[in-house]
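Participant: Below is query35.cif; it holds mmCIF, C-alpha atoms.
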data_work
#
loop_
_atom_site.label_atom_id
_atom_site.label_comp_id
_atom_site.auth_asym_id
_atom_site.auth_seq_id
_atom_site.Cartn_x
_atom_site.Cartn_y
_atom_site.Cartn_z
CA MET C 803 32.57 -20.46 32.73
CA ASP C 804 29.25 -22.29 32.60
CA THR C 805 27.88 -21.12 29.25
CA ARG C 806 24.57 -22.90 29.62
CA ASN C 807 23.90 -21.42 33.02
CA ASP C 808 24.94 -17.91 31.97
CA ILE C 809 22.68 -17.93 28.91
CA LYS C 810 19.80 -19.26 30.90
CA THR C 811 20.25 -16.55 33.52
CA PHE C 812 20.45 -13.87 30.83
CA ILE C 813 17.25 -15.07 29.16
CA LEU C 814 15.38 -15.40 32.43
CA GLU C 815 16.41 -11.94 33.62
CA ASN C 816 15.77 -10.19 30.34
CA PHE C 817 12.85 -11.96 28.73
CA MET C 818 11.06 -13.96 31.40
CA LEU C 819 10.81 -11.58 34.31
CA GLY C 820 9.13 -13.17 37.28
CA ARG C 821 9.03 -16.65 35.79
CA ASN C 822 10.68 -19.82 37.06
CA ARG C 823 13.88 -21.36 35.78
CA GLU C 824 12.04 -24.65 35.29
CA GLU C 825 9.81 -23.05 32.66
CA LEU C 826 12.79 -22.51 30.39
CA GLU C 827 13.62 -25.76 28.68
CA ASP C 828 16.96 -26.06 26.95
CA SER C 829 15.61 -27.42 23.70
CA VAL C 830 12.55 -25.24 23.02
CA SER C 831 12.47 -22.63 20.29
CA LEU C 832 12.84 -19.23 21.92
CA LEU C 833 11.18 -17.58 18.92
CA ASP C 834 8.29 -20.00 18.51
CA MET C 835 7.56 -19.90 22.22
CA GLY C 836 7.38 -16.11 22.06
CA ILE C 837 10.20 -15.77 24.60
CA ILE C 838 12.32 -13.68 22.27
CA ASP C 839 11.17 -11.29 19.54
CA SER C 840 13.14 -9.27 17.00
CA THR C 841 14.27 -6.80 19.66
CA GLY C 842 15.19 -9.67 21.94
CA ILE C 843 17.35 -11.19 19.24
CA LEU C 844 19.35 -7.97 19.06
CA GLU C 845 19.82 -8.12 22.83
CA LEU C 846 20.81 -11.76 22.70
CA VAL C 847 23.32 -11.20 19.89
CA GLU C 848 24.84 -8.29 21.80
CA PHE C 849 25.06 -10.39 24.96
CA VAL C 850 26.80 -13.26 23.19
CA GLU C 851 29.23 -10.98 21.38
CA LYS C 852 30.16 -9.06 24.52
CA SER C 853 30.26 -11.96 26.94
CA TYR C 854 32.26 -14.35 24.77
CA GLY C 855 34.31 -11.89 22.73
CA VAL C 856 33.02 -13.20 19.42
CA LYS C 857 31.59 -11.52 16.33
CA ILE C 858 28.40 -13.03 14.98
CA GLU C 859 28.31 -12.70 11.21
CA ASP C 860 25.08 -12.01 9.32
CA ASN C 861 24.99 -15.49 7.85
CA GLU C 862 25.15 -16.93 11.36
CA LEU C 863 21.87 -15.29 12.38
CA VAL C 864 19.88 -18.46 11.89
CA PRO C 865 17.71 -20.53 14.23
CA GLU C 866 20.23 -23.41 14.21
CA ASN C 867 22.62 -21.11 16.09
CA LEU C 868 20.42 -18.93 18.24
CA ASP C 869 16.93 -20.29 18.67
CA SER C 870 17.32 -22.45 21.78
CA ILE C 871 19.64 -22.75 24.72
CA ASP C 872 21.04 -26.00 23.32
CA ASN C 873 21.72 -24.33 19.96
CA LEU C 874 23.31 -21.32 21.62
CA VAL C 875 25.62 -23.46 23.73
CA THR C 876 26.77 -25.43 20.68
CA PHE C 877 27.21 -22.27 18.61
CA ILE C 878 29.19 -20.43 21.28
CA GLY C 879 31.29 -23.53 21.85
CA ARG C 880 32.16 -23.59 18.15
CA LYS C 881 32.86 -19.86 17.99
CA THR C 882 35.14 -19.88 20.99
CA ALA C 883 36.93 -23.15 20.18
CA MET V 98 -11.10 -25.49 1.42
CA LYS V 99 -9.84 -25.12 -2.13
CA PHE V 100 -6.88 -22.72 -2.14
CA THR V 101 -6.23 -21.02 -5.47
CA LYS V 102 -4.38 -17.99 -6.80
CA ASP V 103 -7.70 -16.14 -6.65
CA SER V 104 -8.52 -16.97 -3.05
CA LEU V 105 -8.11 -13.35 -1.99
CA LYS V 106 -10.19 -11.91 -4.81
CA ILE V 107 -13.13 -9.98 -3.45
CA ASP V 108 -16.31 -8.63 -4.97
CA ALA V 109 -14.93 -5.12 -4.54
CA ALA V 110 -18.19 -3.31 -5.34
CA LYS V 111 -20.08 -5.32 -2.74
CA VAL V 112 -17.32 -4.94 -0.14
CA ALA V 113 -17.16 -1.18 -0.71
CA ASP V 114 -20.93 -0.91 -0.23
CA GLU V 115 -20.85 -2.97 2.94
CA LEU V 116 -17.90 -1.10 4.40
CA SER V 117 -19.37 2.31 3.72
CA GLN V 118 -22.62 1.22 5.37
CA THR V 119 -20.70 0.00 8.41
CA ILE V 120 -18.69 3.21 8.59
CA LEU V 121 -21.90 5.23 8.59
CA THR V 122 -23.41 3.09 11.34
CA GLN V 123 -20.27 3.14 13.47
CA ILE V 124 -19.73 6.87 13.22
CA SER V 125 -23.34 7.79 13.69
CA SER V 126 -24.82 5.20 16.05
CA LYS V 127 -21.84 3.88 17.97
CA LEU V 128 -19.49 6.85 18.16
CA LYS V 129 -22.25 9.50 18.00
CA LYS V 130 -20.17 11.63 15.68
CA THR V 131 -21.04 13.37 12.45
CA GLY V 132 -18.01 13.14 10.21
CA ALA V 133 -14.58 11.61 9.71
CA VAL V 134 -11.04 12.96 9.84
CA VAL V 135 -8.39 10.94 8.04
CA GLY V 136 -4.65 11.45 7.96
CA ILE V 137 -3.68 11.24 4.30
CA SER V 138 -0.28 10.50 2.89
CA GLY V 139 -0.94 9.84 -0.77
CA GLY V 140 -0.60 6.14 0.00
CA ILE V 141 -3.13 3.56 -0.99
CA ASP V 142 -4.47 2.70 2.47
CA SER V 143 -5.34 6.21 3.58
CA SER V 144 -6.73 6.91 0.11
CA VAL V 145 -9.07 3.93 0.28
CA VAL V 146 -10.23 4.86 3.77
CA VAL V 147 -10.96 8.44 2.68
CA ALA V 148 -12.87 7.19 -0.36
CA LEU V 149 -14.91 4.79 1.78
CA CYS V 150 -15.69 7.56 4.26
CA VAL V 151 -16.79 9.82 1.41
CA LYS V 152 -19.01 7.02 0.10
CA ALA V 153 -20.48 6.63 3.59
CA LEU V 154 -20.83 10.24 4.67
CA GLY V 155 -20.51 12.43 1.58
CA PRO V 156 -17.58 14.75 0.79
CA LYS V 157 -18.70 17.53 3.12
CA ARG V 158 -18.31 15.32 6.18
CA VAL V 159 -14.81 14.08 5.50
CA ILE V 160 -11.52 15.94 5.70
CA GLY V 161 -8.06 14.76 4.82
CA VAL V 162 -5.14 16.08 6.84
CA MET V 163 -1.64 15.95 5.43
CA MET V 164 0.96 15.98 8.18
CA PRO V 165 4.37 16.19 6.60
CA GLU V 166 7.57 16.92 8.49
CA GLY V 167 11.01 17.90 7.36
CA GLU V 168 11.86 14.40 6.20
CA SER V 169 8.65 13.52 4.36
CA SER V 170 8.67 12.76 0.68
CA PRO V 171 7.31 15.71 -1.32
CA ASP V 172 5.39 13.17 -3.39
CA SER V 173 3.21 12.39 -0.40
CA GLU V 174 1.74 15.87 -0.22
CA ARG V 175 1.23 16.17 -3.96
CA LEU V 176 -0.55 12.82 -4.17
CA ALA V 177 -2.65 13.58 -1.13
CA ARG V 178 -3.81 16.79 -2.80
CA THR V 179 -4.62 14.88 -5.97
CA LEU V 180 -6.73 12.50 -3.92
CA GLY V 181 -8.57 15.35 -2.19
CA GLU V 182 -9.38 16.98 -5.52
CA SER V 183 -10.57 13.73 -7.06
CA LEU V 184 -12.95 13.07 -4.15
CA GLY V 185 -14.05 16.67 -3.66
CA ILE V 186 -13.10 16.82 0.01
CA GLU V 187 -11.36 19.52 1.99
CA THR V 188 -7.70 18.79 2.58
CA PHE V 189 -5.10 20.82 4.33
CA VAL V 190 -1.51 20.64 5.51
CA GLU V 191 -0.51 20.60 9.14
CA ASP V 192 3.28 20.58 9.19
CA ILE V 193 4.45 18.76 12.31
CA SER V 194 8.15 19.63 11.98
CA ALA V 195 8.07 22.37 14.62
CA GLY V 196 6.25 20.07 17.02
CA LEU V 197 8.83 17.37 16.48
CA GLU V 198 11.62 19.86 17.03
CA GLY V 199 9.91 20.92 20.24
CA LEU V 200 9.85 17.31 21.40
CA ASP V 201 13.52 16.97 20.47
CA CYS V 202 12.65 14.05 18.20
CA TYR V 203 15.38 14.53 15.63
CA ARG V 204 18.18 15.14 18.13
CA LYS V 205 17.22 12.11 20.21
CA ARG V 206 17.11 9.94 17.12
CA ASP V 207 20.36 11.27 15.66
CA GLU V 208 22.14 10.80 18.97
CA ALA V 209 21.37 7.08 18.74
CA ILE V 210 22.34 6.87 15.07
CA LYS V 211 25.72 8.40 15.90
CA VAL V 212 26.44 5.56 18.29
CA VAL V 213 26.47 3.28 15.24
CA PHE V 214 27.74 5.74 12.61
CA PRO V 215 29.69 8.55 14.35
CA GLU V 216 30.05 10.43 11.05
CA TYR V 217 26.24 10.83 10.74
CA GLY V 218 25.19 14.49 10.49
CA PRO V 219 23.44 17.09 8.36
CA GLY V 220 22.82 15.92 4.80
CA TYR V 221 22.75 12.25 5.80
CA LYS V 222 19.66 10.08 5.62
CA SER V 223 18.81 7.00 7.62
CA LYS V 224 16.43 4.10 7.79
CA ILE V 225 15.95 0.83 9.62
CA VAL V 226 15.68 -2.29 7.48
CA ILE V 227 15.42 -6.03 7.93
CA PRO V 228 17.11 -8.60 5.69
CA ARG V 229 15.07 -8.98 2.55
CA ASN V 230 13.06 -12.01 1.57
CA ILE V 231 12.34 -14.16 4.53
CA LEU V 232 11.43 -17.09 2.30
CA GLU V 233 14.92 -17.65 0.94
CA LYS V 234 16.62 -18.69 4.10
CA ASP V 235 15.44 -19.52 7.56
CA LYS V 236 17.07 -16.39 8.77
CA ILE V 237 16.22 -14.61 11.98
CA ASN V 238 14.94 -11.08 11.48
CA VAL V 239 17.48 -8.67 12.85
CA PHE V 240 17.01 -5.01 12.22
CA GLU V 241 19.86 -3.08 10.65
CA LEU V 242 20.49 0.63 10.52
CA ALA V 243 21.21 1.93 7.02
CA ILE V 244 22.52 5.40 6.28
CA GLU V 245 23.01 7.33 3.09
CA THR V 246 25.85 9.85 3.01
CA PRO V 247 25.44 13.25 1.33
CA ASP V 248 27.36 11.73 -1.63
CA GLY V 249 24.81 8.97 -1.98
CA GLU V 250 26.96 6.20 -0.53
CA THR V 251 24.98 3.69 1.54
CA LYS V 252 26.17 1.69 4.54
CA SER V 253 24.32 -0.60 6.88
CA LYS V 254 25.15 -2.21 10.20
CA ARG V 255 23.51 -4.11 12.99
CA MET V 256 23.06 -1.87 15.98
CA PRO V 257 23.20 -2.19 19.75
CA VAL V 258 19.75 -2.75 21.15
CA SER V 259 19.85 0.53 23.09
CA ALA V 260 20.46 2.47 19.86
CA TYR V 261 17.70 0.58 18.06
CA LEU V 262 15.19 1.24 20.82
CA GLN V 263 16.09 4.93 21.01
CA ILE V 264 15.78 5.37 17.23
CA VAL V 265 12.38 3.69 17.22
CA ALA V 266 11.15 5.56 20.28
CA ALA V 267 12.22 8.92 18.84
CA THR V 268 10.81 8.14 15.42
CA ASN V 269 7.49 7.10 16.93
CA TYR V 270 6.99 10.72 17.97
CA LYS V 271 6.06 11.30 14.35
CA GLN V 272 3.06 8.98 14.37
CA ARG V 273 2.03 10.04 17.84
CA LEU V 274 2.11 13.70 16.95
CA ARG V 275 0.08 12.96 13.84
CA MET V 276 -2.48 11.19 16.01
CA THR V 277 -2.85 14.15 18.37
CA THR V 278 -3.18 16.46 15.38
CA LEU V 279 -5.97 14.33 13.94
CA TYR V 280 -7.80 14.29 17.26
CA TYR V 281 -7.57 18.06 17.48
CA GLU V 282 -9.20 18.34 14.06
CA ALA V 283 -11.79 15.71 14.91
CA GLU V 284 -12.75 17.01 18.33
CA LYS V 285 -13.24 20.58 17.22
CA ARG V 286 -15.82 19.29 14.71
CA ASN V 287 -17.26 16.52 16.91
CA TRP V 288 -16.10 14.07 14.26
CA ALA V 289 -14.32 10.72 14.50
CA VAL V 290 -10.78 9.75 13.52
CA ALA V 291 -10.70 6.97 10.95
CA GLY V 292 -7.56 4.82 11.06
CA THR V 293 -5.92 3.63 7.89
CA GLY V 294 -4.12 0.42 8.80
CA ASN V 295 -4.81 -2.73 6.80
CA LYS V 296 -4.71 -6.30 8.12
CA ASP V 297 -1.03 -6.74 7.28
CA GLU V 298 -0.13 -3.73 9.40
CA HIS V 299 -2.71 -4.23 12.12
CA GLU V 300 -2.13 -7.89 12.85
CA GLN V 301 1.62 -8.08 12.25
CA GLY V 302 2.05 -5.00 14.43
CA PHE V 303 3.34 -2.58 11.86
CA PHE V 304 1.94 0.49 13.55
CA VAL V 305 2.70 2.70 16.50
CA LYS V 306 0.56 2.11 19.56
CA TYR V 307 -1.32 5.35 20.28
CA GLY V 308 0.21 6.71 17.09
CA ASP V 309 -1.22 5.63 13.77
CA GLY V 310 -2.85 2.83 15.78
CA GLY V 311 -4.88 5.45 17.67
CA ALA V 312 -8.24 5.93 15.98
CA ASP V 313 -11.98 5.62 16.63
CA LEU V 314 -12.61 3.17 13.82
CA LYS V 315 -10.39 1.05 11.60
CA PRO V 316 -12.40 0.28 8.48
CA ILE V 317 -9.79 -1.74 6.59
CA ALA V 318 -7.98 -3.47 9.46
CA HIS V 319 -9.48 -6.80 8.36
CA LEU V 320 -8.42 -6.51 4.71
CA PHE V 321 -5.21 -7.90 3.24
CA LYS V 322 -3.15 -5.36 1.36
CA ILE V 323 -3.88 -7.04 -1.95
CA GLN V 324 -7.59 -6.67 -1.21
CA VAL V 325 -7.08 -2.98 -0.47
CA TYR V 326 -5.66 -2.68 -3.99
CA GLN V 327 -8.83 -4.24 -5.38
CA LEU V 328 -10.94 -1.73 -3.46
CA ALA V 329 -8.77 1.11 -4.74
CA GLU V 330 -9.49 0.07 -8.32
CA GLN V 331 -13.19 -0.20 -7.57
CA LEU V 332 -13.22 3.23 -5.93
CA LYS V 333 -11.43 4.63 -8.99
CA LEU V 334 -8.57 6.19 -7.05
CA PRO V 335 -5.93 8.07 -9.06
CA LYS V 336 -3.66 5.61 -10.85
CA GLU V 337 -0.50 7.21 -9.52
CA ILE V 338 -1.64 6.44 -5.96
CA ILE V 339 -2.46 2.83 -6.80
CA ASP V 340 0.87 2.33 -8.56
CA ARG V 341 3.01 3.90 -5.85
CA THR V 342 5.30 1.58 -3.89
CA PRO V 343 4.12 1.53 -0.27
CA THR V 344 6.65 3.31 1.95
CA THR V 345 6.71 4.16 5.61
CA ASP V 346 7.17 7.93 5.18
CA THR V 347 8.82 7.79 8.57
CA TYR V 348 12.53 7.62 7.90
CA SER V 349 14.57 10.22 6.05
CA SER V 350 15.86 7.63 3.61
CA GLU V 351 13.07 6.21 1.49
CA VAL V 352 12.19 2.77 2.77
CA THR V 353 9.57 0.41 1.42
CA GLN V 354 7.30 -1.45 3.78
CA ALA V 355 8.71 -4.71 2.49
CA GLU V 356 12.29 -3.81 3.38
CA PHE V 357 11.39 -2.13 6.64
CA PHE V 358 9.07 -4.64 8.14
CA PHE V 359 7.46 -7.45 6.20
CA GLY V 360 10.54 -8.85 4.46
CA LEU V 361 8.31 -10.11 1.70
CA ASP V 362 6.19 -8.71 -1.12
CA PHE V 363 2.49 -8.40 -0.42
CA TYR V 364 1.20 -11.00 -2.85
CA PRO V 365 3.07 -14.03 -1.53
CA MET V 366 2.77 -12.83 2.05
CA ASP V 367 -0.98 -12.26 1.98
CA MET V 368 -1.62 -15.49 0.14
CA LEU V 369 0.54 -17.50 2.55
CA TRP V 370 -1.14 -15.86 5.49
CA TYR V 371 -4.61 -16.57 4.17
CA ALA V 372 -3.61 -20.17 3.50
CA MET V 373 -2.23 -20.53 7.03
CA GLU V 374 -5.38 -19.04 8.58
CA ASN V 375 -7.48 -21.50 6.62
CA ASN V 376 -5.38 -24.52 7.58
CA VAL V 377 -4.07 -25.11 4.08
CA GLU V 378 -1.07 -27.43 4.19
CA PRO V 379 2.18 -25.59 3.38
CA SER V 380 2.82 -28.07 0.55
CA GLU V 381 -0.50 -27.17 -1.07
CA ALA V 382 0.02 -23.42 -0.64
CA ALA V 383 3.51 -23.80 -2.07
CA LYS V 384 2.18 -25.52 -5.18
CA VAL V 385 -0.30 -22.74 -5.87
CA LEU V 386 2.24 -19.97 -5.28
CA GLY V 387 5.16 -21.53 -7.10
CA LEU V 388 7.21 -21.89 -3.92
CA THR V 389 8.88 -24.83 -2.25
CA THR V 390 7.20 -26.38 0.76
CA GLU V 391 10.10 -25.17 2.90
CA GLN V 392 9.57 -21.61 1.72
CA ALA V 393 5.87 -21.80 2.53
CA GLU V 394 6.68 -23.18 5.97
CA ARG V 395 9.13 -20.32 6.57
CA GLY V 396 6.47 -17.85 5.48
CA TYR V 397 3.88 -19.34 7.85
CA ALA V 398 6.35 -19.32 10.74
CA ASN V 399 7.47 -15.76 10.10
CA ILE V 400 3.94 -14.36 9.95
CA LYS V 401 2.88 -16.28 13.04
CA ARG V 402 5.87 -15.02 14.99
CA LYS V 403 5.15 -11.42 14.10
CA VAL V 404 1.47 -11.71 14.99
CA ASP V 405 2.32 -13.32 18.34
CA ALA V 406 5.19 -10.98 19.17
CA THR V 407 3.12 -7.86 18.60
CA SER V 408 -0.06 -8.83 20.42
CA TYR V 409 0.66 -6.26 23.12
CA LEU V 410 0.31 -3.50 20.54
CA ARG V 411 -3.30 -4.44 20.00
CA MET V 412 -4.15 -4.66 23.69
CA ASN V 413 -6.08 -2.02 25.50
CA PRO V 414 -4.55 -0.88 28.78
CA LEU V 415 -4.80 -3.81 31.14
CA GLU V 416 -7.03 -3.41 34.13
CA ILE V 417 -6.15 -5.18 37.31
CA ASN V 418 -8.91 -7.78 37.08
CA GLU V 419 -7.95 -8.89 33.55
#
Once you've parsed the file, please lay out its structure as structure tokens.
Facilitator:
Amino acid sequence: MDTRNDIKTFILENFMLGRNREELEDSVSLLDMGIIDSTGILELVEFVEKSYGVKIEDNELVPENLDSIDNLVTFIGRKTA
Amino acid sequence: MKFTKDSLKIDAAKVADELSQTILTQISSKLKKTGAVVGISGGIDSSVVVALCVKALGPKRVIGVMMPEGESSPDSERLARTLGESLGIETFVEDISAGLEGLDCYRKRDEAIKVVFPEYGPGYKSKIVIPRNILEKDKINVFELAIETPDGETKSKRMPVSAYLQIVAATNYKQRLRMTTLYYEAEKRNWAVAGTGNKDEHEQGFFVKYGDGGADLKPIAHLFKIQVYQLAEQLKLPKEIIDRTPTTDTYSSEVTQAEFFFGLDFYPMDMLWYAMENNVEPSEAAKVLGLTTEQAERGYANIKRKVDATSYLRMNPLEINE
């Protein structure tokens, strides 16, 4: 499974309707760029939990884990290792 | 700019005079109306707006409408009456419970709550909260659903996004029904509806579009909450109203505005926000407020995110050439 590609597709389809894949850089802050808001975070958390069969604990809801595609890939990699 | 602990202190007498003059001009010259209708809850914001309208228009041209529903705090109505008596205005109660029942508000909301807590039923209370104190950790705001059992036990859980959206959508009926009620009262008098949101609510998006955000004028939408308190003192509002903890009066379980939305008490939040707007370095703001630079940076970032994320709430319907 290509985690990076799947996350990117999810974000594009759910938060960036009609925009190009090139506009979504892997390292940018999804929150600071206004791509994801507090509702979006709920959607993202649900997507990660369902797609990768993991449970995200409250103390893991931090930007280092969820706020960019790079961070998400690393976090999911750690959770599923 | 020199940032101090007193940076948000206002000359409340002068501000009250200026605001009442503006209210008079807006209602009379711009809106071509002859009075003001205000939804009152016994909270400080609506109380200040009523008092300013009375100062502008006189007590005979202002009415306060209490719009409780089955889950409102009884304190709200009592305090709203106290306010009406102290200002000499007409107040009355328009109970919106039957209207909400008619719209199926409670069933739709409870259906979504049961997805998260299947045991939820009569005698239970619920609220949506966010993790408290955004300054302490660079935590992402994720709403949680909290319920209180009939025995007083509390539980909270993150919820699926579909449940969250349904709970919010159903609950927003309350503010939207209040708005239509206010417009009924205003239109039958040819008066205007005065909104009661302050800057914290207006700019961070803590209001319901076409609900409590629906009004003809918003006299305190530019004032920080801690400035509204200063106006309340100046306008000599009843002490019990000034001292009351701001709540949403939206959820069946009592929920403060800090735990529901802002994640921070008003003083540090307003001061940080003011500092950010005036390009004060986080390190300098932190020094004045007794915070660490990191905490001030988190505060700036959190406020900015909320303002940006809720800009659509403040937009008028978009026309095709915009």
Participant: When you look at Leu176 in chain V with a cut-off of 10 Å (counting only C-alpha atoms), what residues show up, excluding the ones that are within fewer than 6 positions of it in the same chain? I need them as a PyMOL selection string.
Facilitator: chain V and resi 137-140+144+182+335+337-338+341
Participant: What does the structure give for the distance between CA of Ala329 in chain V and CA of Thr122 in chain V, in Å to one decimal?
Facilitator: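 Calculated distance between CA of Ala329 in chain V and CA of Thr122 in chain V is 21.8 Å.
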Participant: Can you write out as a tab-separated table which residues of chain C fall within 8 Å of chain V, alongside each residue's closest atom pair and its distance in Å to one decimal, counting only C-alpha atoms and ordering rows by chain and ascending residue number?
Facilitator:
residue	atom	partner	partner_atom	distance
C:Leu833	CA	V:Arg402	CA	7.1
C:Asp834	CA	V:Arg402	CA	6.6
C:Gly836	CA	V:Ala406	CA	6.3
C:Asp839	CA	V:Ala406	CA	6.0
C:Ser840	CA	V:Val239	CA	6.0
C:Thr841	CA	V:Val258	CA	7.0
C:Ile843	CA	V:Val239	CA	6.9
C:Leu844	CA	V:Val258	CA	5.6
C:Glu845	CA	V:Val258	CA	5.6
C:Glu848	CA	V:Pro257	CA	6.6
C:Leu863	CA	V:Ile237	CA	5.7
C:Val864	CA	V:Lys236	CA	4.7
C:Pro865	CA	V:Ile237	CA	6.5
Participant: Write the residues of the selection above to a file with C-alpha atoms, as an mmCIF file, in the frame of the given file.
Facilitator:
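Result went into again_17.cif, see below:
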data_model
loop_
_atom_site.group_PDB
_atom_site.id
_atom_site.type_symbol
_atom_site.label_atom_id
_atom_site.label_comp_id
_atom_site.auth_asym_id
_atom_site.auth_seq_id
_atom_site.Cartn_x
_atom_site.Cartn_y
_atom_site.Cartn_z
ATOM 1 C CA LEU C 833 11.180 -17.580 18.920
ATOM 2 C CA ASP C 834 8.290 -20.000 18.510
ATOM 3 C CA GLY C 836 7.380 -16.110 22.060
ATOM 4 C CA ASP C 839 11.170 -11.290 19.540
ATOM 5 C CA SER C 840 13.140 -9.270 17.000
ATOM 6 C CA THR C 841 14.270 -6.800 19.660
ATOM 7 C CA ILE C 843 17.350 -11.190 19.240
ATOM 8 C CA LEU C 844 19.350 -7.970 19.060
ATOM 9 C CA GLU C 845 19.820 -8.120 22.830
ATOM 10 C CA GLU C 848 24.840 -8.290 21.800
ATOM 11 C CA LEU C 863 21.870 -15.290 12.380
ATOM 12 C CA VAL C 864 19.880 -18.460 11.890
ATOM 13 C CA PRO C 865 17.710 -20.530 14.230
#
Participant: Between C:Ala883, C:Leu819, C:Ile838, C:Val830, single out the one closest to Gly855 in chain C, counting all atoms listed in the file.
Facilitator: C:Ala883
Participant: Which is closest to Glu381 in chain V among V:Leu332, V:Met98, V:Val162, V:Ala267, if we use all atoms listed in the file?
Facilitator: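 Closest residue, counting all atoms listed in the file: V:Met98.
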Participant: List the neighbours of Ile193 in chain V out to 7 Å using only C-alpha atoms; skip same-chain residues closer than 4 positions along the sequence, and give me the result as a PyMOL selection string.
Facilitator: chain V and resi 164-166+197
Participant: Interatomic distance between CA of Phe189 in chain V and CA of Ala291 in chain V?
Facilitator: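 Distance reported for this atom pair: 16.3 Å.
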Participant: Pick from V:Arg286, V:His319, V:Lys384, V:Arg204: nearest to Val112 in chain V, with all atoms listed in the file counted?
Facilitator: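 Residue with the minimum atom-to-atom distance to Val112 in chain V: V:His319.
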Participant: Can you work out the spacing between CA of Leu274 in chain V and CA of Glu419 in chain V in Å, to one decimal?
Facilitator: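 These atoms are spaced 29.8 Å apart.
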Participant: (-9.8, 1.4, 13.0) in this file's frame - what residues fall within 12 Å of it? Use only C-alpha atoms and give the answer as number ranges by chain.
Facilitator: V: 119-120, 123-124, 133, 135, 142-143, 146, 289-296, 298-299, 304, 307, 309-320, 411
Participant: So, counting all atoms listed in the file, which residue among C:Glu851, C:Leu846, C:Ile871, C:Ile809 is closest to Glu827 in chain C?
Facilitator: C:Ile871
Participant: For this structure, which residues satisfy the selection - the PyMOL selection byres ((chain V and resi 207) around 10) - when it is evaluated on the file as given? I want them as number ranges by chain.
Facilitator: V: 202-206, 208-212, 214-215, 217-219, 223, 260, 263-264, 267
Participant: Only C-alpha atoms, please: the residues just picked out, written as an mmCIF file, in the coordinates of the input.
Facilitator:
data_model
loop_
_atom_site.group_PDB
_atom_site.id
_atom_site.type_symbol
_atom_site.label_atom_id
_atom_site.label_comp_id
_atom_site.auth_asym_id
_atom_site.auth_seq_id
_atom_site.Cartn_x
_atom_site.Cartn_y
_atom_site.Cartn_z
ATOM 1 C CA CYS V 202 12.650 14.050 18.200
ATOM 2 C CA TYR V 203 15.380 14.530 15.630
ATOM 3 C CA ARG V 204 18.180 15.140 18.130
ATOM 4 C CA LYS V 205 17.220 12.110 20.210
ATOM 5 C CA ARG V 206 17.110 9.940 17.120
ATOM 6 C CA GLU V 208 22.140 10.800 18.970
ATOM 7 C CA ALA V 209 21.370 7.080 18.740
ATOM 8 C CA ILE V 210 22.340 6.870 15.070
ATOM 9 C CA LYS V 211 25.720 8.400 15.900
ATOM 10 C CA VAL V 212 26.440 5.560 18.290
ATOM 11 C CA PHE V 214 27.740 5.740 12.610
ATOM 12 C CA PRO V 215 29.690 8.550 14.350
ATOM 13 C CA TYR V 217 26.240 10.830 10.740
ATOM 14 C CA GLY V 218 25.190 14.490 10.490
ATOM 15 C CA PRO V 219 23.440 17.090 8.360
ATOM 16 C CA SER V 223 18.810 7.000 7.620
ATOM 17 C CA ALA V 260 20.460 2.470 19.860
ATOM 18 C CA GLN V 263 16.090 4.930 21.010
ATOM 19 C CA ILE V 264 15.780 5.370 17.230
ATOM 20 C CA ALA V 267 12.220 8.920 18.840
#
Participant: Counting all atoms listed in the file, which of C:Ser853, C:Asn867, C:Asn873, C:Thr882 gets nearest to Phe812 in chain C?
Facilitator: C:Ser853
Participant: So what does the PyMOL selection byres ((chain V and resi 158) around 10) actually pick up in this one, as a list in words?
Facilitator: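 Evaluating the PyMOL selection byres ((chain V and resi 158) around 10) on these coordinates yields Thr131, Gly132, Ala133, Val134, Cys150, Val151, Ala153, Leu154, Gly155, Pro156, Lys157, Val159, Ile160, Ile186, Glu187, Arg286 and Trp288 of chain V.
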Participant: Just the selected residues (C-alpha atoms), exported as an mmCIF file, in the frame of the given file, please.
Facilitator:
data_model
loop_
_atom_site.group_PDB
_atom_site.id
_atom_site.type_symbol
_atom_site.label_atom_id
_atom_site.label_comp_id
_atom_site.auth_asym_id
_atom_site.auth_seq_id
_atom_site.Cartn_x
_atom_site.Cartn_y
_atom_site.Cartn_z
ATOM 1 C CA THR V 131 -21.040 13.370 12.450
ATOM 2 C CA GLY V 132 -18.010 13.140 10.210
ATOM 3 C CA ALA V 133 -14.580 11.610 9.710
ATOM 4 C CA VAL V 134 -11.040 12.960 9.840
ATOM 5 C CA CYS V 150 -15.690 7.560 4.260
ATOM 6 C CA VAL V 151 -16.790 9.820 1.410
ATOM 7 C CA ALA V 153 -20.480 6.630 3.590
ATOM 8 C CA LEU V 154 -20.830 10.240 4.670
ATOM 9 C CA GLY V 155 -20.510 12.430 1.580
ATOM 10 C CA PRO V 156 -17.580 14.750 0.790
ATOM 11 C CA LYS V 157 -18.700 17.530 3.120
ATOM 12 C CA VAL V 159 -14.810 14.080 5.500
ATOM 13 C CA ILE V 160 -11.520 15.940 5.700
ATOM 14 C CA ILE V 186 -13.100 16.820 0.010
ATOM 15 C CA GLU V 187 -11.360 19.520 1.990
ATOM 16 C CA ARG V 286 -15.820 19.290 14.710
ATOM 17 C CA TRP V 288 -16.100 14.070 14.260
#
